[in-house]
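Some notes on the structure that comes next.
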Protein chains: 2
Amino acid sequence: MVLTTDDLWHSPGFLIRRCQQITTAIFLEEASAYDFSPTQYSALAFIVMQPGVDQSTLGDCTALDRSSVTKCVERLEQRNFIKREICQADRRARRLYPTTEGEAMLVDLAAAADRARCRILAPLKPEERDTFLSTLQHLGDALNDQSRAPMQATSRLEDATAG
Amino acid sequence: MVLTTDDLWHSPGFLIRRCQQITTAIFLEEASAYDFSPTQYSALAFIVMQPGVDQSTLGDCTALDRSSVTKCVERLEQRNFIKREICQADRRARRLYPTTEGEAMLVDLAAAADRARCRILAPLKPEERDTFLSTLQHLGDALNDQSRAPMQATSRLEDATAG
DNA sequence: TGGAATTAGTTTGCATACTGAGCATTAGGT
DNA sequence: ACCTAATGCTCAGTATGCAAACTAATTCCA
């Protein structure tokens with residue numbers, strides 16, 4: 001067996017893991033004043049953008065399994081950024097709505113996320129960025145169903161504004 | 001505020017997180033017969049390649065903080081894939097050595113890792129792969145010190161074969 | 001040489017994220 | 001209508017990973 005350290009350091013899994021560590025750290029730093037993780041930010045953002053979304057759809061859109069969604073929205077609810085209501089049409093489901101505080105927080109968080117995004121892409125030449133992001137997107141789409149929490153674009157419930 | 005779902009889905013942090021979920025899932029699947037995580041594989045691989053390495057250096061090479069290294073090598077030791085010895089030259093440090101089982105296991109794991117690597121890169125055109133990996137590498141290098149567990153190439157102890 | 005600072009490792013605590021089991025509710029088929 | 005699926009969610013258990021506090025050993029330097 002002829003395995004070298006470079007084989008590991010150059011493997012896609014290792015490199016992607018490294019980049020994820022870094023992007024998480026940068027986001028946490030930019031959002032440190034608000035005590036938000038990238039996942040909590042994604043969840044809150046989706047809830048603000050699609051008020052009334054149910055937890056399963058939120059999980060499908062953010063690539064989180066249902067138990068992770070439960071914990072995530074629990075924390076958001078405890079901190080009064082969202083509220084949860086039993087869906088009348090399907091009482092198993094919980095519809096998620098942002099609070100006023102949640103909407104205000106998202107404004108700050110979006111700014112923090114934008115700062116993080118700039119810092120992350122800073123080392124890349126402008127023309128590299130699109131290629132890089134497209135490739136990541138392509139990879140994620142192509143291998144989506146091999147993940148343990150695949151994304152699904154379709155919403156389970158009718159649009160909240162119609163329900 | 002004009003935030004759309006696409007803003008989130010196209011952000012580098014989200015895309016990288018997705019790809020990491022996927023690469024981890026693929027590795028776990030390929031290595032399921034051996035019950036190894038990508039991190040445990042990296043650790044075992046480094047220990048086989050650099051027998052006598054200490055835990056801090058292992059952490060520097062695998063981008064793990066020291067408490068994560070402690071847990072990781074603990075599991076490897078419990079499963080009899082490595083052994084740990086107090087370094088005579090510096091009795092604070094623990095030198096890590098693979099066992100015969102560990103070396104044999106790495107052969108199987110390296111094959112599993114290679115299968116994973118192929119599956120991960122499969123959706124990309126051959127010419128895209130190098131660009132993608134180089135960009136990941138470049139990003140990781142450039143932002144290395146912004147991670148919470150930065151990599152450091154330099155070894156803390158003298159080479160084990162010399163000690 | 002003595003004492004402060006540094007370093008290696010462990011432990012505890014916390015957040016994240018997945019699995020599998022289980023509960024409540026709804027949907028489908030007869 | 002009834003009974004079985006399936007679905008939405010929760011809970012317990014487990015693994016990963018980082019921070020902070022701690023112990024033990026070493027280094028630095030006056």
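The chains in the structure tokens are called A, B, ... from first to last as shown; in each chain the residues are counted from 1, and the ligands are counted from 1 in the order shown.
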Non-local contacts of stretch 36-50 of chain B (7 Å; only C-alpha atoms (C1' of nucleotides); under 4 positions in same chain excluded) as a PyMOL selection string: (chain A and resi 4-5) or (chain B and resi 24+27-28+31-32+62+72+96-98+103+106)
Please give chain A as a short mmCIF file (atom, residue, chain, number, x, y, z; two decimals) with N, CA and C atoms, in the first residue's frame, after it has been superposed on chain B by least squares over all Cα atoms paired in order.
```
data_model
loop_
_atom_site.label_atom_id
_atom_site.label_comp_id
_atom_site.auth_asym_id
_atom_site.auth_seq_id
_atom_site.Cartn_x
_atom_site.Cartn_y
_atom_site.Cartn_z
N MET A 1 -35.46 44.31 3.00
CA MET A 1 -34.54 43.17 2.82
C MET A 1 -35.10 42.27 1.73
N VAL A 2 -34.25 41.92 0.78
CA VAL A 2 -34.71 41.12 -0.35
C VAL A 2 -33.95 39.81 -0.36
N LEU A 3 -34.27 38.96 0.59
CA LEU A 3 -33.57 37.68 0.70
C LEU A 3 -34.45 36.59 0.09
N THR A 4 -33.86 35.81 -0.81
CA THR A 4 -34.62 34.72 -1.42
C THR A 4 -34.01 33.38 -1.04
N THR A 5 -34.79 32.34 -1.27
CA THR A 5 -34.26 31.00 -0.97
C THR A 5 -33.00 30.73 -1.79
N ASP A 6 -32.98 31.24 -3.02
CA ASP A 6 -31.80 31.01 -3.85
C ASP A 6 -30.54 31.65 -3.25
N ASP A 7 -30.71 32.78 -2.58
CA ASP A 7 -29.55 33.39 -1.93
C ASP A 7 -28.92 32.41 -0.95
N LEU A 8 -29.77 31.72 -0.22
CA LEU A 8 -29.26 30.74 0.74
C LEU A 8 -28.69 29.53 0.03
N TRP A 9 -29.48 29.00 -0.91
CA TRP A 9 -29.06 27.77 -1.57
C TRP A 9 -27.79 27.94 -2.39
N HIS A 10 -27.50 29.17 -2.78
CA HIS A 10 -26.31 29.41 -3.59
C HIS A 10 -25.15 29.98 -2.79
N SER A 11 -25.34 30.10 -1.50
CA SER A 11 -24.25 30.65 -0.70
C SER A 11 -23.18 29.59 -0.48
N PRO A 12 -21.92 30.02 -0.46
CA PRO A 12 -20.83 29.03 -0.34
C PRO A 12 -20.96 28.18 0.92
N GLY A 13 -21.34 28.80 2.02
CA GLY A 13 -21.45 28.04 3.26
C GLY A 13 -22.46 26.92 3.16
N PHE A 14 -23.62 27.24 2.59
CA PHE A 14 -24.66 26.22 2.47
C PHE A 14 -24.22 25.12 1.51
N LEU A 15 -23.65 25.49 0.38
CA LEU A 15 -23.24 24.49 -0.62
C LEU A 15 -22.14 23.59 -0.07
N ILE A 16 -21.21 24.20 0.65
CA ILE A 16 -20.11 23.39 1.20
C ILE A 16 -20.65 22.44 2.27
N ARG A 17 -21.57 22.95 3.09
CA ARG A 17 -22.17 22.09 4.10
C ARG A 17 -22.89 20.90 3.45
N ARG A 18 -23.62 21.17 2.36
CA ARG A 18 -24.30 20.11 1.63
C ARG A 18 -23.30 19.06 1.14
N CYS A 19 -22.24 19.54 0.52
CA CYS A 19 -21.25 18.61 -0.03
C CYS A 19 -20.60 17.81 1.09
N GLN A 20 -20.41 18.43 2.23
CA GLN A 20 -19.79 17.68 3.31
C GLN A 20 -20.72 16.60 3.85
N GLN A 21 -22.00 16.93 3.97
CA GLN A 21 -22.98 15.92 4.37
C GLN A 21 -22.88 14.72 3.44
N ILE A 22 -22.82 15.03 2.13
CA ILE A 22 -22.84 13.97 1.13
C ILE A 22 -21.56 13.14 1.18
N THR A 23 -20.42 13.82 1.24
CA THR A 23 -19.17 13.06 1.22
C THR A 23 -19.05 12.20 2.49
N THR A 24 -19.52 12.72 3.60
CA THR A 24 -19.49 11.92 4.82
C THR A 24 -20.39 10.70 4.68
N ALA A 25 -21.59 10.92 4.13
CA ALA A 25 -22.53 9.81 3.98
C ALA A 25 -21.95 8.74 3.06
N ILE A 26 -21.32 9.18 1.97
CA ILE A 26 -20.75 8.21 1.03
C ILE A 26 -19.61 7.44 1.67
N PHE A 27 -18.75 8.15 2.40
CA PHE A 27 -17.66 7.43 3.08
C PHE A 27 -18.21 6.43 4.08
N LEU A 28 -19.17 6.86 4.89
CA LEU A 28 -19.73 5.97 5.90
C LEU A 28 -20.31 4.72 5.24
N GLU A 29 -20.94 4.92 4.08
CA GLU A 29 -21.53 3.79 3.39
C GLU A 29 -20.45 2.82 2.90
N GLU A 30 -19.42 3.38 2.27
CA GLU A 30 -18.36 2.53 1.75
C GLU A 30 -17.60 1.82 2.87
N ALA A 31 -17.51 2.48 4.01
CA ALA A 31 -16.74 1.92 5.13
C ALA A 31 -17.65 1.27 6.17
N SER A 32 -18.90 1.07 5.81
CA SER A 32 -19.87 0.59 6.82
C SER A 32 -19.46 -0.77 7.38
N ALA A 33 -18.82 -1.58 6.57
CA ALA A 33 -18.40 -2.90 7.05
C ALA A 33 -17.35 -2.79 8.15
N TYR A 34 -16.67 -1.65 8.21
CA TYR A 34 -15.58 -1.49 9.17
C TYR A 34 -15.94 -0.54 10.31
N ASP A 35 -17.09 0.13 10.18
CA ASP A 35 -17.56 1.05 11.21
C ASP A 35 -16.51 2.14 11.48
N PHE A 36 -16.14 2.83 10.42
CA PHE A 36 -15.16 3.91 10.52
C PHE A 36 -15.74 5.19 9.98
N SER A 37 -15.49 6.30 10.68
CA SER A 37 -15.85 7.61 10.17
C SER A 37 -14.67 8.16 9.38
N PRO A 38 -14.92 9.17 8.54
CA PRO A 38 -13.81 9.79 7.80
C PRO A 38 -12.70 10.25 8.74
N THR A 39 -13.07 10.84 9.86
CA THR A 39 -12.06 11.35 10.79
C THR A 39 -11.23 10.22 11.38
N GLN A 40 -11.89 9.14 11.78
CA GLN A 40 -11.14 8.02 12.33
C GLN A 40 -10.20 7.45 11.28
N TYR A 41 -10.67 7.43 10.04
CA TYR A 41 -9.82 6.95 8.95
C TYR A 41 -8.60 7.85 8.78
N SER A 42 -8.83 9.15 8.76
CA SER A 42 -7.70 10.08 8.62
C SER A 42 -6.69 9.86 9.73
N ALA A 43 -7.19 9.73 10.95
CA ALA A 43 -6.30 9.57 12.09
C ALA A 43 -5.49 8.29 11.97
N LEU A 44 -6.19 7.19 11.69
CA LEU A 44 -5.47 5.91 11.58
C LEU A 44 -4.44 5.98 10.45
N ALA A 45 -4.85 6.59 9.34
CA ALA A 45 -3.94 6.67 8.20
C ALA A 45 -2.66 7.43 8.56
N PHE A 46 -2.82 8.55 9.25
CA PHE A 46 -1.63 9.32 9.63
C PHE A 46 -0.76 8.55 10.60
N ILE A 47 -1.39 7.82 11.49
CA ILE A 47 -0.60 7.06 12.46
C ILE A 47 0.17 5.94 11.78
N VAL A 48 -0.44 5.33 10.77
CA VAL A 48 0.28 4.29 10.03
C VAL A 48 1.41 4.91 9.21
N MET A 49 1.14 6.08 8.65
CA MET A 49 2.15 6.71 7.80
C MET A 49 3.27 7.33 8.63
N GLN A 50 2.94 7.76 9.85
CA GLN A 50 3.94 8.39 10.70
C GLN A 50 3.90 7.77 12.09
N PRO A 51 4.29 6.51 12.19
CA PRO A 51 4.21 5.84 13.48
C PRO A 51 5.05 6.58 14.52
N GLY A 52 4.50 6.74 15.72
CA GLY A 52 5.21 7.46 16.76
C GLY A 52 4.80 8.92 16.84
N VAL A 53 3.91 9.32 15.95
CA VAL A 53 3.44 10.71 15.98
C VAL A 53 2.74 10.98 17.32
N ASP A 54 2.85 12.19 17.81
CA ASP A 54 2.14 12.53 19.06
C ASP A 54 0.77 13.10 18.73
N GLN A 55 -0.07 13.21 19.75
CA GLN A 55 -1.46 13.59 19.52
C GLN A 55 -1.60 15.02 18.99
N SER A 56 -0.76 15.92 19.48
CA SER A 56 -0.86 17.30 19.01
C SER A 56 -0.55 17.41 17.52
N THR A 57 0.52 16.72 17.11
CA THR A 57 0.86 16.74 15.69
C THR A 57 -0.24 16.11 14.86
N LEU A 58 -0.79 15.02 15.38
CA LEU A 58 -1.90 14.39 14.66
C LEU A 58 -3.05 15.38 14.49
N GLY A 59 -3.35 16.12 15.54
CA GLY A 59 -4.40 17.13 15.44
C GLY A 59 -4.06 18.20 14.42
N ASP A 60 -2.81 18.62 14.40
CA ASP A 60 -2.39 19.64 13.45
C ASP A 60 -2.52 19.14 12.02
N CYS A 61 -2.24 17.86 11.81
CA CYS A 61 -2.27 17.31 10.46
C CYS A 61 -3.67 16.98 9.98
N THR A 62 -4.56 16.71 10.91
CA THR A 62 -5.91 16.32 10.52
C THR A 62 -6.92 17.43 10.80
N ALA A 63 -6.44 18.59 11.27
CA ALA A 63 -7.33 19.72 11.55
C ALA A 63 -8.37 19.35 12.60
N LEU A 64 -7.89 18.74 13.67
CA LEU A 64 -8.76 18.42 14.80
C LEU A 64 -8.19 19.10 16.03
N ASP A 65 -9.04 19.63 16.89
CA ASP A 65 -8.53 20.20 18.13
C ASP A 65 -8.14 19.06 19.06
N ARG A 66 -7.44 19.42 20.15
CA ARG A 66 -6.83 18.36 20.94
C ARG A 66 -7.84 17.47 21.66
N SER A 67 -8.97 18.05 22.08
CA SER A 67 -9.92 17.18 22.78
C SER A 67 -10.59 16.22 21.81
N SER A 68 -10.78 16.65 20.58
CA SER A 68 -11.32 15.73 19.58
C SER A 68 -10.32 14.61 19.28
N VAL A 69 -9.06 14.98 19.24
CA VAL A 69 -8.03 13.96 19.02
C VAL A 69 -8.06 12.94 20.16
N THR A 70 -8.17 13.44 21.38
CA THR A 70 -8.22 12.53 22.53
C THR A 70 -9.31 11.49 22.35
N LYS A 71 -10.52 11.97 22.00
CA LYS A 71 -11.63 11.02 21.84
C LYS A 71 -11.40 10.09 20.66
N CYS A 72 -10.90 10.63 19.58
CA CYS A 72 -10.71 9.84 18.38
C CYS A 72 -9.72 8.70 18.62
N VAL A 73 -8.58 9.03 19.19
CA VAL A 73 -7.56 7.99 19.40
C VAL A 73 -7.98 7.03 20.51
N GLU A 74 -8.81 7.53 21.42
CA GLU A 74 -9.35 6.65 22.47
C GLU A 74 -10.15 5.51 21.84
N ARG A 75 -11.00 5.90 20.89
CA ARG A 75 -11.82 4.88 20.22
C ARG A 75 -10.94 3.93 19.43
N LEU A 76 -9.93 4.48 18.73
CA LEU A 76 -9.05 3.62 17.94
C LEU A 76 -8.28 2.66 18.86
N GLU A 77 -7.90 3.16 20.03
CA GLU A 77 -7.17 2.30 20.94
C GLU A 77 -8.08 1.19 21.51
N GLN A 78 -9.29 1.59 21.87
CA GLN A 78 -10.23 0.61 22.43
C GLN A 78 -10.49 -0.53 21.44
N ARG A 79 -10.50 -0.17 20.16
CA ARG A 79 -10.77 -1.19 19.15
C ARG A 79 -9.48 -1.86 18.69
N ASN A 80 -8.41 -1.55 19.37
CA ASN A 80 -7.13 -2.23 19.15
C ASN A 80 -6.52 -1.97 17.77
N PHE A 81 -6.75 -0.78 17.24
CA PHE A 81 -6.14 -0.43 15.97
C PHE A 81 -4.85 0.37 16.16
N ILE A 82 -4.71 0.97 17.33
CA ILE A 82 -3.47 1.68 17.63
C ILE A 82 -3.09 1.40 19.09
N LYS A 83 -1.85 1.70 19.42
CA LYS A 83 -1.47 1.71 20.83
C LYS A 83 -0.81 3.05 21.15
N ARG A 84 -0.87 3.42 22.41
CA ARG A 84 -0.34 4.72 22.83
C ARG A 84 0.75 4.48 23.86
N GLU A 85 1.84 5.20 23.69
CA GLU A 85 2.94 5.07 24.64
C GLU A 85 3.39 6.44 25.09
N ILE A 86 3.71 6.54 26.36
CA ILE A 86 4.24 7.80 26.86
C ILE A 86 5.60 8.04 26.23
N CYS A 87 5.77 9.22 25.68
CA CYS A 87 7.04 9.56 25.05
C CYS A 87 8.11 9.73 26.12
N GLN A 88 9.23 9.06 25.95
CA GLN A 88 10.27 9.11 26.97
C GLN A 88 10.95 10.49 27.02
N ALA A 89 11.09 11.09 25.86
CA ALA A 89 11.77 12.39 25.81
C ALA A 89 10.89 13.50 26.40
N ASP A 90 9.59 13.35 26.31
CA ASP A 90 8.67 14.36 26.86
C ASP A 90 7.46 13.61 27.41
N ARG A 91 7.46 13.40 28.71
CA ARG A 91 6.47 12.49 29.26
C ARG A 91 5.06 13.04 29.25
N ARG A 92 4.89 14.32 28.84
CA ARG A 92 3.53 14.80 28.65
C ARG A 92 2.91 14.20 27.40
N ALA A 93 3.76 13.93 26.41
CA ALA A 93 3.27 13.54 25.10
C ALA A 93 3.01 12.04 25.02
N ARG A 94 2.05 11.67 24.18
CA ARG A 94 1.76 10.26 23.90
C ARG A 94 2.11 9.99 22.45
N ARG A 95 2.96 9.01 22.24
CA ARG A 95 3.26 8.59 20.88
C ARG A 95 2.26 7.54 20.45
N LEU A 96 1.82 7.62 19.21
CA LEU A 96 0.80 6.72 18.69
C LEU A 96 1.40 5.79 17.66
N TYR A 97 1.11 4.49 17.81
CA TYR A 97 1.61 3.48 16.89
C TYR A 97 0.46 2.61 16.42
N PRO A 98 0.48 2.22 15.17
CA PRO A 98 -0.56 1.29 14.72
C PRO A 98 -0.27 -0.12 15.23
N THR A 99 -1.33 -0.88 15.47
CA THR A 99 -1.16 -2.30 15.73
C THR A 99 -1.17 -3.04 14.39
N THR A 100 -0.91 -4.32 14.44
CA THR A 100 -1.00 -5.11 13.21
C THR A 100 -2.41 -5.05 12.64
N GLU A 101 -3.39 -5.15 13.55
CA GLU A 101 -4.79 -5.03 13.11
C GLU A 101 -5.04 -3.68 12.46
N GLY A 102 -4.47 -2.64 13.06
CA GLY A 102 -4.65 -1.30 12.51
C GLY A 102 -4.10 -1.19 11.10
N GLU A 103 -2.92 -1.76 10.91
CA GLU A 103 -2.32 -1.69 9.58
C GLU A 103 -3.15 -2.47 8.56
N ALA A 104 -3.65 -3.63 9.00
CA ALA A 104 -4.48 -4.42 8.09
C ALA A 104 -5.78 -3.68 7.78
N MET A 105 -6.35 -3.09 8.81
CA MET A 105 -7.61 -2.35 8.61
C MET A 105 -7.42 -1.21 7.65
N LEU A 106 -6.28 -0.54 7.74
CA LEU A 106 -6.07 0.62 6.86
C LEU A 106 -6.07 0.21 5.39
N VAL A 107 -5.60 -0.99 5.10
CA VAL A 107 -5.63 -1.44 3.72
C VAL A 107 -7.06 -1.49 3.20
N ASP A 108 -7.95 -2.08 4.01
CA ASP A 108 -9.35 -2.13 3.61
C ASP A 108 -9.96 -0.74 3.54
N LEU A 109 -9.61 0.07 4.54
CA LEU A 109 -10.19 1.42 4.58
C LEU A 109 -9.73 2.26 3.41
N ALA A 110 -8.47 2.11 3.03
CA ALA A 110 -7.96 2.88 1.90
C ALA A 110 -8.72 2.53 0.64
N ALA A 111 -9.06 1.25 0.50
CA ALA A 111 -9.86 0.84 -0.65
C ALA A 111 -11.25 1.46 -0.59
N ALA A 112 -11.83 1.45 0.61
CA ALA A 112 -13.15 2.07 0.77
C ALA A 112 -13.08 3.56 0.47
N ALA A 113 -12.02 4.21 0.96
CA ALA A 113 -11.86 5.65 0.73
C ALA A 113 -11.72 5.93 -0.76
N ASP A 114 -11.06 5.03 -1.46
CA ASP A 114 -10.89 5.23 -2.90
C ASP A 114 -12.23 5.07 -3.63
N ARG A 115 -13.01 4.10 -3.20
CA ARG A 115 -14.36 3.96 -3.78
C ARG A 115 -15.18 5.22 -3.51
N ALA A 116 -15.09 5.72 -2.29
CA ALA A 116 -15.83 6.94 -1.93
C ALA A 116 -15.37 8.10 -2.82
N ARG A 117 -14.07 8.22 -2.95
CA ARG A 117 -13.52 9.31 -3.77
C ARG A 117 -14.05 9.25 -5.19
N CYS A 118 -14.11 8.06 -5.74
CA CYS A 118 -14.62 7.90 -7.11
C CYS A 118 -16.09 8.30 -7.20
N ARG A 119 -16.87 7.88 -6.23
CA ARG A 119 -18.29 8.22 -6.25
C ARG A 119 -18.49 9.72 -6.10
N ILE A 120 -17.64 10.35 -5.27
CA ILE A 120 -17.80 11.78 -5.04
C ILE A 120 -17.46 12.56 -6.30
N LEU A 121 -16.39 12.16 -6.98
CA LEU A 121 -15.95 12.92 -8.15
C LEU A 121 -16.68 12.52 -9.43
N ALA A 122 -17.45 11.44 -9.35
CA ALA A 122 -18.10 10.91 -10.55
C ALA A 122 -18.92 11.95 -11.33
N PRO A 123 -19.69 12.80 -10.63
CA PRO A 123 -20.52 13.75 -11.40
C PRO A 123 -19.73 14.82 -12.13
N LEU A 124 -18.45 14.95 -11.81
CA LEU A 124 -17.67 16.02 -12.44
C LEU A 124 -16.92 15.50 -13.65
N LYS A 125 -16.83 16.33 -14.67
CA LYS A 125 -16.01 15.98 -15.83
C LYS A 125 -14.56 15.93 -15.38
N PRO A 126 -13.78 15.03 -15.98
CA PRO A 126 -12.38 14.88 -15.55
C PRO A 126 -11.63 16.20 -15.44
N GLU A 127 -11.84 17.10 -16.38
CA GLU A 127 -11.09 18.36 -16.33
C GLU A 127 -11.62 19.29 -15.22
N GLU A 128 -12.87 19.06 -14.81
CA GLU A 128 -13.41 19.87 -13.71
C GLU A 128 -12.79 19.47 -12.38
N ARG A 129 -12.43 18.19 -12.28
CA ARG A 129 -12.02 17.67 -10.97
C ARG A 129 -10.79 18.37 -10.42
N ASP A 130 -9.78 18.52 -11.26
CA ASP A 130 -8.56 19.16 -10.79
C ASP A 130 -8.81 20.60 -10.37
N THR A 131 -9.60 21.28 -11.20
CA THR A 131 -9.92 22.67 -10.87
C THR A 131 -10.63 22.74 -9.52
N PHE A 132 -11.60 21.87 -9.36
CA PHE A 132 -12.40 21.87 -8.13
C PHE A 132 -11.51 21.59 -6.92
N LEU A 133 -10.70 20.54 -7.02
CA LEU A 133 -9.85 20.19 -5.89
C LEU A 133 -8.82 21.28 -5.59
N SER A 134 -8.28 21.88 -6.64
CA SER A 134 -7.32 22.97 -6.42
C SER A 134 -7.97 24.14 -5.72
N THR A 135 -9.18 24.45 -6.15
CA THR A 135 -9.87 25.59 -5.54
C THR A 135 -10.16 25.31 -4.07
N LEU A 136 -10.63 24.11 -3.77
CA LEU A 136 -10.87 23.74 -2.37
C LEU A 136 -9.58 23.88 -1.56
N GLN A 137 -8.51 23.35 -2.14
CA GLN A 137 -7.21 23.41 -1.47
C GLN A 137 -6.79 24.86 -1.24
N HIS A 138 -6.92 25.66 -2.28
CA HIS A 138 -6.53 27.07 -2.19
C HIS A 138 -7.34 27.79 -1.11
N LEU A 139 -8.63 27.51 -1.09
CA LEU A 139 -9.51 28.15 -0.11
C LEU A 139 -9.11 27.73 1.30
N GLY A 140 -8.89 26.44 1.48
CA GLY A 140 -8.51 25.95 2.80
C GLY A 140 -7.18 26.52 3.26
N ASP A 141 -6.24 26.62 2.33
CA ASP A 141 -4.93 27.17 2.70
C ASP A 141 -5.05 28.65 3.06
N ALA A 142 -5.78 29.38 2.22
CA ALA A 142 -5.85 30.82 2.40
C ALA A 142 -6.57 31.20 3.69
N LEU A 143 -7.57 30.40 4.05
CA LEU A 143 -8.37 30.74 5.22
C LEU A 143 -8.03 29.85 6.41
N ASN A 144 -6.92 29.15 6.30
CA ASN A 144 -6.59 28.14 7.32
C ASN A 144 -6.67 28.69 8.74
N ASP A 145 -6.08 29.86 8.95
CA ASP A 145 -6.00 30.37 10.32
C ASP A 145 -7.31 30.98 10.81
N GLN A 146 -8.33 30.98 9.96
CA GLN A 146 -9.64 31.46 10.41
C GLN A 146 -10.49 30.31 10.90
N SER A 147 -9.98 29.10 10.74
CA SER A 147 -10.67 27.93 11.28
C SER A 147 -10.40 27.84 12.77
N ARG A 148 -11.26 27.09 13.45
CA ARG A 148 -11.06 26.95 14.89
C ARG A 148 -10.05 25.87 15.22
N ALA A 149 -9.71 25.05 14.24
CA ALA A 149 -8.69 24.01 14.44
C ALA A 149 -7.76 24.04 13.24
N PRO A 150 -6.96 25.10 13.12
CA PRO A 150 -6.12 25.25 11.93
C PRO A 150 -5.11 24.13 11.77
N MET A 151 -4.76 23.86 10.54
CA MET A 151 -3.75 22.85 10.27
C MET A 151 -2.36 23.46 10.42
N GLN A 152 -1.43 22.65 10.87
CA GLN A 152 -0.04 23.08 10.95
C GLN A 152 0.83 21.93 10.49
N ALA A 153 1.67 22.23 9.53
CA ALA A 153 2.42 21.14 8.91
C ALA A 153 3.58 20.66 9.77
N THR A 154 4.12 21.56 10.59
CA THR A 154 5.35 21.21 11.31
C THR A 154 5.08 20.27 12.48
N SER A 155 5.94 19.30 12.60
CA SER A 155 5.79 18.32 13.68
C SER A 155 6.40 18.85 14.98
N ARG A 156 5.74 18.54 16.08
CA ARG A 156 6.21 19.02 17.38
C ARG A 156 7.40 18.20 17.89
N LEU A 157 7.34 16.91 17.68
CA LEU A 157 8.41 16.04 18.17
C LEU A 157 9.38 15.73 17.04
N GLU A 158 10.55 15.30 17.42
CA GLU A 158 11.48 14.77 16.41
C GLU A 158 10.82 13.58 15.75
N ASP A 159 11.27 13.28 14.57
CA ASP A 159 10.73 12.12 13.88
C ASP A 159 10.83 10.87 14.76
N ALA A 160 9.76 10.11 14.76
CA ALA A 160 9.68 8.98 15.70
C ALA A 160 10.78 7.96 15.45
N THR A 161 11.15 7.80 14.21
CA THR A 161 12.16 6.80 13.91
C THR A 161 13.52 7.22 14.46
N ALA A 162 13.66 8.53 14.74
CA ALA A 162 14.92 9.01 15.30
C ALA A 162 14.86 9.05 16.83
N GLY A 163 13.65 9.03 17.37
CA GLY A 163 13.53 9.08 18.83
C GLY A 163 13.40 7.70 19.40
#
```
Residues flagged strand (DSSP E or B) by DSSP in stretch 6-152 of chain B, as a list of chain:residue names: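 Answer for stretch 6-152 of chain B, restricted to strand (DSSP E or B): B:Val53, B:Asp54, B:Ile82, B:Lys83, B:Arg84, B:Glu85, B:Ile86, B:Arg94, B:Arg95, B:Leu96, B:Tyr97, B:Pro98.
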Residues just named, written with N, CA and C atoms as a CSV table (one decimal), in the first residue's frame:
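Saved as out17.csv:
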```
chain,number,residue,atom,x,y,z
B,53,VAL,N,3.9,9.3,16.0
B,53,VAL,CA,3.4,10.7,16.0
B,53,VAL,C,2.7,11.0,17.3
B,54,ASP,N,2.8,12.2,17.8
B,54,ASP,CA,2.1,12.5,19.1
B,54,ASP,C,0.7,13.1,18.7
B,82,ILE,N,-4.7,1.0,17.3
B,82,ILE,CA,-3.5,1.7,17.7
B,82,ILE,C,-3.1,1.4,19.1
B,83,LYS,N,-1.9,1.7,19.4
B,83,LYS,CA,-1.5,1.7,20.9
B,83,LYS,C,-0.8,3.0,21.2
B,84,ARG,N,-0.9,3.4,22.4
B,84,ARG,CA,-0.3,4.7,22.8
B,84,ARG,C,0.8,4.5,23.9
B,85,GLU,N,1.9,5.2,23.7
B,85,GLU,CA,3.0,5.1,24.7
B,85,GLU,C,3.4,6.4,25.1
B,86,ILE,N,3.7,6.5,26.4
B,86,ILE,CA,4.3,7.8,26.9
B,86,ILE,C,5.6,8.0,26.2
B,94,ARG,N,2.1,11.7,24.2
B,94,ARG,CA,1.8,10.2,23.9
B,94,ARG,C,2.1,10.0,22.5
B,95,ARG,N,3.0,9.0,22.2
B,95,ARG,CA,3.3,8.6,20.9
B,95,ARG,C,2.3,7.5,20.5
B,96,LEU,N,1.8,7.6,19.2
B,96,LEU,CA,0.8,6.7,18.7
B,96,LEU,C,1.4,5.8,17.7
B,97,TYR,N,1.1,4.5,17.8
B,97,TYR,CA,1.6,3.5,16.9
B,97,TYR,C,0.5,2.6,16.4
B,98,PRO,N,0.5,2.2,15.2
B,98,PRO,CA,-0.6,1.3,14.7
B,98,PRO,C,-0.3,-0.1,15.2
```
Residues of chain C within 12 Å of chain A, only C-alpha atoms (C1' of nucleotides) counted, as a PyMOL selection string: chain C and resi 15-20+23-27
Per residue of chain D within 12 Å of chain B, note the shortest atom pair and the distance in Å to one decimal, counting only C-alpha atoms (C1' of nucleotides), and order the rows by chain and increasing residue number, as JSON lines.
```
{"residue": "D:DA15", "atom": "C1'", "partner": "B:Ser37", "partner_atom": "CA", "distance": 9.3}
{"residue": "D:DT16", "atom": "C1'", "partner": "B:Ser68", "partner_atom": "CA", "distance": 8.1}
{"residue": "D:DG17", "atom": "C1'", "partner": "B:Ser68", "partner_atom": "CA", "distance": 6.2}
{"residue": "D:DC18", "atom": "C1'", "partner": "B:Asp65", "partner_atom": "CA", "distance": 7.3}
{"residue": "D:DA19", "atom": "C1'", "partner": "B:Ser67", "partner_atom": "CA", "distance": 9.7}
{"residue": "D:DA20", "atom": "C1'", "partner": "B:Ser67", "partner_atom": "CA", "distance": 11.2}
{"residue": "D:DT23", "atom": "C1'", "partner": "B:Arg92", "partner_atom": "CA", "distance": 10.5}
{"residue": "D:DA24", "atom": "C1'", "partner": "B:Arg92", "partner_atom": "CA", "distance": 7.0}
{"residue": "D:DA25", "atom": "C1'", "partner": "B:Arg92", "partner_atom": "CA", "distance": 5.5}
{"residue": "D:DT26", "atom": "C1'", "partner": "B:Asp90", "partner_atom": "CA", "distance": 7.5}
{"residue": "D:DT27", "atom": "C1'", "partner": "B:Asp90", "partner_atom": "CA", "distance": 11.4}
```
Atom-to-atom span, atom C1' of D:DG8 and atom C1' of C:DG28, Å: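 Interatomic distance here is 17.6 Å.
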Straight-line distance linking atom C1' of D:DA5 with atom C1' of C:DT30, stated in Å to one decimal: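 Separation between atom C1' of D:DA5 and atom C1' of C:DT30: 13.7 Å.
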